[in-house]
Amino acid sequence: MLSNKVSLLSESLTIAITTKAKKMAAAGVDVVSLSAGEPDFDTPRKIKEAAIAAINGGSGGKYTPVAGGMEVLKAVAQKLKRDNGLDYTPDQIITNVGAKHSLFNVFQCLLNEGDEVIIGSPFWVTYPEIVKFSGGVPLIVETKAENKFKLTADEVRAVLTPKTRALVLNSPSNPCGGVYTREELKAIGEVLKGTDVYVVSDEIYEKLTYVGEFVATASVSEDLFKRTVTINGLSKCGAMPGWRFGYTACVDAELNAAMRKLQSQSTSNISSIVQAGAVPALLGEIEEDVAYMRGEFEKRRDFATEAVNAIDGLSVVKPDGAFYLFVDCSAVERDSVKFCNALLDEAKVACVPGVGFGKDGFFRISYACSIENLKEGIGRIAKFVAGYGK
């Protein structure tokens with residue numbers, strides 16, 4: 001008999017759809033995958049060279065301290081200072097096996113049974129699952145398209161209770177691409193003043209911002225700096241998804257100690273070779289690569305948004321960041337699982353059902369693929385929608 005905790009978990013629809021599409025492709029089916037949340041660009045050369053040097057130098061296979069070696073911790077601190085104006089010391093930073101691991105550590109250490117965590121919907125599929133596994137209660141707040149699916153200060157205020165332990169913010173967001181402005185974050189911060197609520201700020205897509213500036217939550221005020229756990233990594237903006245490099249940064253000494261203790265009894269340190277590869281990325285040595293990727297993603301965003309909105313029955317709010325479109329298909333089909341399964345089976349296009357992100361009647365397209373695949377995939381979607389139910 002399995003544990004009650006693991007029975008609470010749902011399988012990631014993103015991974016499920018991507019796995020099904022890969023099996024079909026392996027069987028020779030001409031599948032266009034618009035489901036995966038990983039860049040299609042190769043890992044930058046300087047990252048590879050640093051990892052290879054660590055291997056050849058003989059130090060790459062050794063244990064490091066649980067939180068990471070001093071070189072990578074200092075590099076994270078420099079990145080946060082340079083890019084975000086944030087002053088963290090190495091002992092306030094912990095490297096993890098991807099940002100998903102970072103989130104797992106945070107909620108395992110923060111939550112007791114019944115603690116509430118505010119999460120805006122649509123949300124990344126993993127947020128409520130980790131909260132539930134950690135004994136918490138996801139408090140899902142429906143956001144509005146006119147706000148680009150971002151939580152507002154009033155919406156946060158309306159659901160705050162004495163049981164509220166944390167608020168999750170994701171900017172730029174998956175799946176909607178919303179980017180919080182300084183004013184929006186400041187207003188949310190004002191609502192939280194005088195409470196013991198932590199802000200868990202997932203900023204994994206920060207360098208893939210196309211409109212305005214990216215603002216780190218912890219940089220907005222001294223109060224937010226003290227209550228924010230910054231989550232970031234290199235899977236998206238460093239084109240290192242399979243390397244699994246994430247990190248947390250916060251000034252709460254008790255929480256940092258707890259996360260180190262937990263990690264010491266689970267993964268221990270992350271791969272020392274990955275740490276070495278991450279250093280040049282964190283020090284800003286791949287900014288040309290990042291700028292190129294951002295430029296290509298922006299071109300794809302512009303094309304895909306226009307192409308999808310031209311399909312009768314579908315609509316999408318143009319995202320300001322990340323590399324997804326969250327498409328409203330409710331005029332065609334409200335059951336997003338049914339829609340996406342039929343789309344894959346009949347049109348051979350893989351997209352992710354919106355219900356996994358907390359909003360049925362929508363589906364997610366990833367434009368982290370070639371423009372040719374994007375054109376082909378959206379073309380197939382247009383034909384599929386035109387004939388759906390007929």
# chains A, B, ... in the order shown; residues from 1 in each chain; ligands from 1
call {"tool": "closest_atom_pairs", "arguments": {"of": "stretch 262-377 of chain A", "to": "stretch 99-112 of chain A", "cutoff": "10 Å", "atoms": "only C-alpha atoms", "output": "CSV"}}
result
residue,atom,partner,partner_atom,distance
A:Leu262,CA,A:Asn105,CA,7.1
A:Gln263,CA,A:Asn105,CA,7.4
A:Ser266,CA,A:Asn105,CA,10.0
A:Thr267,CA,A:His101,CA,9.6
call {"tool": "select_by_dssp", "arguments": {"residues": "stretch 112-337 of chain A", "states": "strand (DSSP E or B)", "output": "MDAnalysis selection string"}}
result
chainID A and resid 116:121 137:142 164:170 198:202 209 228:233 246:249 315:316 321 324:328
call {"tool": "residues_around", "arguments": {"residues": "stretch 373-380 of chain A", "least_positions_apart": "4", "cutoff": "7 Å", "atoms": "only C-alpha atoms", "output": "tab-separated table (two decimals) with N, CA, C and O atoms, in the first residue's frame"}}
result
chain	number	residue	atom	x	y	z
A	32	VAL	N	3.81	17.17	-34.66
A	32	VAL	CA	4.37	18.49	-34.37
A	32	VAL	C	4.13	18.75	-32.88
A	32	VAL	O	2.98	18.84	-32.45
A	308	VAL	N	-2.86	32.53	-34.36
A	308	VAL	CA	-3.91	31.90	-33.54
A	308	VAL	C	-5.16	32.76	-33.50
A	308	VAL	O	-6.29	32.26	-33.62
A	347	ALA	N	-4.94	15.53	-35.67
A	347	ALA	CA	-4.12	16.49	-36.41
A	347	ALA	C	-2.63	16.28	-36.16
A	347	ALA	O	-1.80	16.91	-36.81
A	349	VAL	N	-0.85	17.12	-33.53
A	349	VAL	CA	-0.23	18.29	-32.88
A	349	VAL	C	-0.37	18.13	-31.37
A	349	VAL	O	-1.47	17.89	-30.87
A	367	TYR	N	5.99	28.03	-27.91
A	367	TYR	CA	6.69	28.42	-29.14
A	367	TYR	C	8.20	28.32	-28.96
A	367	TYR	O	8.99	28.99	-29.65
A	369	CYS	N	10.11	26.29	-30.21
A	369	CYS	CA	10.37	25.37	-31.32
A	369	CYS	C	10.69	26.21	-32.55
A	369	CYS	O	10.54	27.43	-32.53
A	384	PHE	N	-7.96	21.66	-37.99
A	384	PHE	CA	-8.63	20.83	-37.00
A	384	PHE	C	-9.84	21.56	-36.41
A	384	PHE	O	-10.94	21.00	-36.31
call {"tool": "closest_atom_pairs", "arguments": {"of": "stretch 237-302 of chain A", "to": "stretch 220-232 of chain A", "cutoff": "9 Å", "atoms": "only C-alpha atoms", "output": "tab-separated table"}}
result
residue	atom	partner	partner_atom	distance
A:Phe245	CA	A:Asn232	CA	8.8
A:Gly246	CA	A:Asn232	CA	5.7
A:Tyr247	CA	A:Asn232	CA	5.6
A:Thr248	CA	A:Ile231	CA	4.9
A:Ala249	CA	A:Thr230	CA	5.1
A:Cys250	CA	A:Val229	CA	4.9
A:Val251	CA	A:Lys226	CA	6.2
A:Asp252	CA	A:Lys226	CA	7.2
call {"tool": "residues_around", "arguments": {"residues": "A:Glu155", "least_positions_apart": "6", "cutoff": "12 Å", "atoms": "only C-alpha atoms", "output": "mmCIF file with N, CA, C and O atoms, in the first residue's frame"}}
result
data_model
loop_
_atom_site.group_PDB
_atom_site.id
_atom_site.type_symbol
_atom_site.label_atom_id
_atom_site.label_comp_id
_atom_site.auth_asym_id
_atom_site.auth_seq_id
_atom_site.Cartn_x
_atom_site.Cartn_y
_atom_site.Cartn_z
ATOM 1 N N ILE A 118 -1.635 30.991 -1.402
ATOM 2 C CA ILE A 118 -2.388 31.677 -2.458
ATOM 3 C C ILE A 118 -1.682 31.471 -3.796
ATOM 4 O O ILE A 118 -0.495 31.760 -3.946
ATOM 5 N N ILE A 119 -2.440 30.977 -4.776
ATOM 6 C CA ILE A 119 -1.911 30.723 -6.122
ATOM 7 C C ILE A 119 -2.905 31.266 -7.132
ATOM 8 O O ILE A 119 -4.086 30.918 -7.098
ATOM 9 N N GLY A 120 -2.447 32.122 -8.030
ATOM 10 C CA GLY A 120 -3.311 32.642 -9.075
ATOM 11 C C GLY A 120 -3.511 31.610 -10.166
ATOM 12 O O GLY A 120 -2.599 30.870 -10.527
ATOM 13 N N SER A 121 -4.729 31.530 -10.684
ATOM 14 C CA SER A 121 -5.047 30.638 -11.800
ATOM 15 C C SER A 121 -5.299 31.470 -13.044
ATOM 16 O O SER A 121 -6.006 32.475 -12.975
ATOM 17 N N LEU A 139 -4.869 27.732 -2.243
ATOM 18 C CA LEU A 139 -6.003 28.645 -2.308
ATOM 19 C C LEU A 139 -5.971 29.290 -3.691
ATOM 20 O O LEU A 139 -5.201 30.223 -3.933
ATOM 21 N N ILE A 140 -6.769 28.753 -4.588
ATOM 22 C CA ILE A 140 -6.704 29.145 -5.998
ATOM 23 C C ILE A 140 -7.571 30.380 -6.239
ATOM 24 O O ILE A 140 -8.758 30.396 -5.889
ATOM 25 N N VAL A 141 -6.965 31.397 -6.827
ATOM 26 C CA VAL A 141 -7.658 32.654 -7.124
ATOM 27 C C VAL A 141 -7.746 32.826 -8.635
ATOM 28 O O VAL A 141 -6.722 32.840 -9.326
ATOM 29 N N GLU A 142 -8.965 32.937 -9.148
ATOM 30 C CA GLU A 142 -9.161 33.132 -10.590
ATOM 31 C C GLU A 142 -8.715 34.534 -10.991
ATOM 32 O O GLU A 142 -9.192 35.523 -10.444
ATOM 33 N N THR A 143 -7.792 34.612 -11.936
ATOM 34 C CA THR A 143 -7.345 35.908 -12.441
ATOM 35 C C THR A 143 -8.092 36.241 -13.733
ATOM 36 O O THR A 143 -8.792 35.407 -14.293
ATOM 37 N N LYS A 144 -7.930 37.460 -14.202
ATOM 38 C CA LYS A 144 -8.718 37.941 -15.341
ATOM 39 C C LYS A 144 -7.845 38.236 -16.556
ATOM 40 O O LYS A 144 -6.713 38.708 -16.420
ATOM 41 N N ASN A 147 -6.331 41.643 -16.951
ATOM 42 C CA ASN A 147 -5.118 41.887 -16.165
ATOM 43 C C ASN A 147 -3.962 41.012 -16.624
ATOM 44 O O ASN A 147 -2.975 40.854 -15.908
ATOM 45 N N PHE A 149 -3.954 37.950 -16.741
ATOM 46 C CA PHE A 149 -3.967 36.794 -15.841
ATOM 47 C C PHE A 149 -2.962 36.938 -14.701
ATOM 48 O O PHE A 149 -2.379 35.957 -14.246
ATOM 49 N N LEU A 167 2.339 33.218 -0.532
ATOM 50 C CA LEU A 167 1.769 33.655 -1.801
ATOM 51 C C LEU A 167 2.764 33.305 -2.896
ATOM 52 O O LEU A 167 3.957 33.600 -2.777
ATOM 53 N N GLU A 184 2.539 47.029 -9.620
ATOM 54 C CA GLU A 184 1.687 45.900 -9.221
ATOM 55 C C GLU A 184 2.301 45.151 -8.033
ATOM 56 O O GLU A 184 1.596 44.782 -7.091
ATOM 57 N N ALA A 187 1.975 47.211 -4.835
ATOM 58 C CA ALA A 187 0.617 47.178 -4.283
ATOM 59 C C ALA A 187 0.376 45.870 -3.528
ATOM 60 O O ALA A 187 -0.227 45.852 -2.445
ATOM 61 N N ILE A 188 0.843 44.762 -4.072
ATOM 62 C CA ILE A 188 0.718 43.475 -3.385
ATOM 63 C C ILE A 188 1.521 43.494 -2.088
ATOM 64 O O ILE A 188 1.075 43.008 -1.045
ATOM 65 N N VAL A 191 -0.300 45.118 0.736
ATOM 66 C CA VAL A 191 -1.336 44.254 1.310
ATOM 67 C C VAL A 191 -0.738 43.294 2.339
ATOM 68 O O VAL A 191 -1.356 42.978 3.359
#
call {"tool": "residues_around", "arguments": {"residues": "stretch 33-46 of chain A", "least_positions_apart": "2", "cutoff": "6 Å", "atoms": "only C-alpha atoms", "output": "ChimeraX atom specification"}}
result
/A:48-49,239-240,349-352,365-366,368-369
call {"tool": "residues_around", "arguments": {"residues": "stretch 10-15 of chain A", "least_positions_apart": "4", "cutoff": "10 Å", "atoms": "only C-alpha atoms", "output": "NGL selection string"}}
result
:A and (6 or 19-21 or 35-37 or 124-126 or 128-129 or 337 or 350-357 or 364)
call {"tool": "atom_distance", "arguments": {"atom1": "atom CA of A:Ile55", "atom2": "atom CA of A:Val97"}}
result
19.0 Å
call {"tool": "closest_residue", "arguments": {"among": "A:Lys163, A:Ala75, A:Ala310, A:Glu206", "to": "A:Glu116", "atoms": "only C-alpha atoms"}}
result
A:Lys163
call {"tool": "closest_residue", "arguments": {"among": "A:Glu113, A:Glu203, A:Glu288, A:Glu190", "to": "A:Asn174", "atoms": "only C-alpha atoms"}}
result
A:Glu203
call {"tool": "decode", "arguments": {"residues": "stretch 127-140 of chain A", "atoms": "all heavy atoms", "output": "PDB file, in the first residue's frame"}}
result
ATOM      1  N   TYR A 127       2.756  23.926  -8.956  1.00  0.00           N
ATOM      2  CA  TYR A 127       2.574  24.683  -7.704  1.00  0.00           C
ATOM      3  C   TYR A 127       1.590  24.016  -6.739  1.00  0.00           C
ATOM      4  O   TYR A 127       1.940  23.720  -5.590  1.00  0.00           O
ATOM      5  CB  TYR A 127       2.116  26.117  -7.983  1.00  0.00           C
ATOM      6  CG  TYR A 127       3.088  26.989  -8.726  1.00  0.00           C
ATOM      7  CD1 TYR A 127       2.646  27.902  -9.672  1.00  0.00           C
ATOM      8  CD2 TYR A 127       4.458  26.920  -8.487  1.00  0.00           C
ATOM      9  CE1 TYR A 127       3.527  28.721 -10.360  1.00  0.00           C
ATOM     10  CE2 TYR A 127       5.349  27.725  -9.174  1.00  0.00           C
ATOM     11  CZ  TYR A 127       4.875  28.628 -10.117  1.00  0.00           C
ATOM     12  OH  TYR A 127       5.753  29.426 -10.799  1.00  0.00           O
ATOM     13  N   PRO A 128       0.335  23.786  -7.145  1.00  0.00           N
ATOM     14  CA  PRO A 128      -0.605  23.212  -6.169  1.00  0.00           C
ATOM     15  C   PRO A 128      -0.244  21.790  -5.757  1.00  0.00           C
ATOM     16  O   PRO A 128      -0.533  21.374  -4.630  1.00  0.00           O
ATOM     17  CB  PRO A 128      -1.956  23.258  -6.897  1.00  0.00           C
ATOM     18  CG  PRO A 128      -1.626  23.365  -8.342  1.00  0.00           C
ATOM     19  CD  PRO A 128      -0.342  24.118  -8.417  1.00  0.00           C
ATOM     20  N   GLU A 129       0.406  21.050  -6.649  1.00  0.00           N
ATOM     21  CA  GLU A 129       0.762  19.673  -6.327  1.00  0.00           C
ATOM     22  C   GLU A 129       1.802  19.613  -5.206  1.00  0.00           C
ATOM     23  O   GLU A 129       1.695  18.802  -4.274  1.00  0.00           O
ATOM     24  CB  GLU A 129       1.284  18.957  -7.574  1.00  0.00           C
ATOM     25  CG  GLU A 129       0.273  18.854  -8.699  1.00  0.00           C
ATOM     26  CD  GLU A 129      -0.988  18.096  -8.291  1.00  0.00           C
ATOM     27  OE1 GLU A 129      -0.871  17.063  -7.599  1.00  0.00           O
ATOM     28  OE2 GLU A 129      -2.094  18.557  -8.629  1.00  0.00           O
ATOM     29  N   ILE A 130       2.828  20.468  -5.293  1.00  0.00           N
ATOM     30  CA  ILE A 130       3.849  20.496  -4.240  1.00  0.00           C
ATOM     31  C   ILE A 130       3.252  20.996  -2.928  1.00  0.00           C
ATOM     32  O   ILE A 130       3.575  20.486  -1.852  1.00  0.00           O
ATOM     33  CB  ILE A 130       5.048  21.368  -4.656  1.00  0.00           C
ATOM     34  CG1 ILE A 130       5.812  20.719  -5.815  1.00  0.00           C
ATOM     35  CG2 ILE A 130       5.982  21.599  -3.477  1.00  0.00           C
ATOM     36  CD1 ILE A 130       7.013  21.517  -6.291  1.00  0.00           C
ATOM     37  N   VAL A 131       2.373  21.980  -3.010  1.00  0.00           N
ATOM     38  CA  VAL A 131       1.726  22.505  -1.801  1.00  0.00           C
ATOM     39  C   VAL A 131       0.929  21.401  -1.105  1.00  0.00           C
ATOM     40  O   VAL A 131       1.033  21.196   0.109  1.00  0.00           O
ATOM     41  CB  VAL A 131       0.827  23.709  -2.140  1.00  0.00           C
ATOM     42  CG1 VAL A 131      -0.075  24.074  -0.951  1.00  0.00           C
ATOM     43  CG2 VAL A 131       1.676  24.913  -2.542  1.00  0.00           C
ATOM     44  N   LYS A 132       0.133  20.654  -1.880  1.00  0.00           N
ATOM     45  CA  LYS A 132      -0.663  19.568  -1.304  1.00  0.00           C
ATOM     46  C   LYS A 132       0.237  18.493  -0.694  1.00  0.00           C
ATOM     47  O   LYS A 132      -0.028  17.990   0.402  1.00  0.00           O
ATOM     48  CB  LYS A 132      -1.572  18.957  -2.374  1.00  0.00           C
ATOM     49  CG  LYS A 132      -2.743  19.829  -2.785  1.00  0.00           C
ATOM     50  CD  LYS A 132      -3.704  19.106  -3.702  1.00  0.00           C
ATOM     51  CE  LYS A 132      -3.098  18.812  -5.055  1.00  0.00           C
ATOM     52  NZ  LYS A 132      -4.053  18.176  -5.980  1.00  0.00           N
ATOM     53  N   PHE A 133       1.293  18.123  -1.415  1.00  0.00           N
ATOM     54  CA  PHE A 133       2.209  17.100  -0.927  1.00  0.00           C
ATOM     55  C   PHE A 133       2.874  17.528   0.387  1.00  0.00           C
ATOM     56  O   PHE A 133       3.200  16.697   1.230  1.00  0.00           O
ATOM     57  CB  PHE A 133       3.274  16.806  -1.983  1.00  0.00           C
ATOM     58  CG  PHE A 133       4.163  15.635  -1.650  1.00  0.00           C
ATOM     59  CD1 PHE A 133       3.722  14.335  -1.871  1.00  0.00           C
ATOM     60  CD2 PHE A 133       5.423  15.821  -1.117  1.00  0.00           C
ATOM     61  CE1 PHE A 133       4.524  13.247  -1.562  1.00  0.00           C
ATOM     62  CE2 PHE A 133       6.242  14.753  -0.797  1.00  0.00           C
ATOM     63  CZ  PHE A 133       5.783  13.448  -1.018  1.00  0.00           C
ATOM     64  N   SER A 134       3.041  18.841   0.547  1.00  0.00           N
ATOM     65  CA  SER A 134       3.696  19.378   1.745  1.00  0.00           C
ATOM     66  C   SER A 134       2.718  19.622   2.893  1.00  0.00           C
ATOM     67  O   SER A 134       3.107  20.167   3.923  1.00  0.00           O
ATOM     68  CB  SER A 134       4.409  20.692   1.391  1.00  0.00           C
ATOM     69  OG  SER A 134       5.359  20.483   0.360  1.00  0.00           O
ATOM     70  N   GLY A 135       1.467  19.225   2.703  1.00  0.00           N
ATOM     71  CA  GLY A 135       0.478  19.360   3.765  1.00  0.00           C
ATOM     72  C   GLY A 135      -0.334  20.634   3.703  1.00  0.00           C
ATOM     73  O   GLY A 135      -1.221  20.852   4.532  1.00  0.00           O
ATOM     74  N   GLY A 136      -0.033  21.482   2.738  1.00  0.00           N
ATOM     75  CA  GLY A 136      -0.729  22.751   2.624  1.00  0.00           C
ATOM     76  C   GLY A 136      -2.005  22.669   1.806  1.00  0.00           C
ATOM     77  O   GLY A 136      -2.332  21.638   1.217  1.00  0.00           O
ATOM     78  N   VAL A 137      -2.720  23.780   1.791  1.00  0.00           N
ATOM     79  CA  VAL A 137      -3.979  23.884   1.038  1.00  0.00           C
ATOM     80  C   VAL A 137      -3.808  24.959  -0.030  1.00  0.00           C
ATOM     81  O   VAL A 137      -3.638  26.148   0.296  1.00  0.00           O
ATOM     82  CB  VAL A 137      -5.147  24.271   1.969  1.00  0.00           C
ATOM     83  CG1 VAL A 137      -6.434  24.426   1.166  1.00  0.00           C
ATOM     84  CG2 VAL A 137      -5.308  23.251   3.076  1.00  0.00           C
ATOM     85  N   PRO A 138      -3.822  24.572  -1.315  1.00  0.00           N
ATOM     86  CA  PRO A 138      -3.737  25.590  -2.366  1.00  0.00           C
ATOM     87  C   PRO A 138      -5.011  26.434  -2.385  1.00  0.00           C
ATOM     88  O   PRO A 138      -6.119  25.892  -2.496  1.00  0.00           O
ATOM     89  CB  PRO A 138      -3.614  24.763  -3.657  1.00  0.00           C
ATOM     90  CG  PRO A 138      -3.290  23.373  -3.222  1.00  0.00           C
ATOM     91  CD  PRO A 138      -3.886  23.211  -1.859  1.00  0.00           C
ATOM     92  N   LEU A 139      -4.869  27.732  -2.243  1.00  0.00           N
ATOM     93  CA  LEU A 139      -6.003  28.645  -2.308  1.00  0.00           C
ATOM     94  C   LEU A 139      -5.971  29.290  -3.691  1.00  0.00           C
ATOM     95  O   LEU A 139      -5.201  30.223  -3.933  1.00  0.00           O
ATOM     96  CB  LEU A 139      -5.898  29.699  -1.200  1.00  0.00           C
ATOM     97  CG  LEU A 139      -7.145  30.512  -0.890  1.00  0.00           C
ATOM     98  CD1 LEU A 139      -8.292  29.604  -0.464  1.00  0.00           C
ATOM     99  CD2 LEU A 139      -6.857  31.508   0.217  1.00  0.00           C
ATOM    100  N   ILE A 140      -6.769  28.753  -4.588  1.00  0.00           N
ATOM    101  CA  ILE A 140      -6.704  29.145  -5.998  1.00  0.00           C
ATOM    102  C   ILE A 140      -7.571  30.380  -6.239  1.00  0.00           C
ATOM    103  O   ILE A 140      -8.758  30.396  -5.889  1.00  0.00           O
ATOM    104  CB  ILE A 140      -7.161  27.998  -6.907  1.00  0.00           C
ATOM    105  CG1 ILE A 140      -6.372  26.718  -6.604  1.00  0.00           C
ATOM    106  CG2 ILE A 140      -7.020  28.394  -8.370  1.00  0.00           C
ATOM    107  CD1 ILE A 140      -4.879  26.847  -6.749  1.00  0.00           C
TER     108      ILE A 140
END
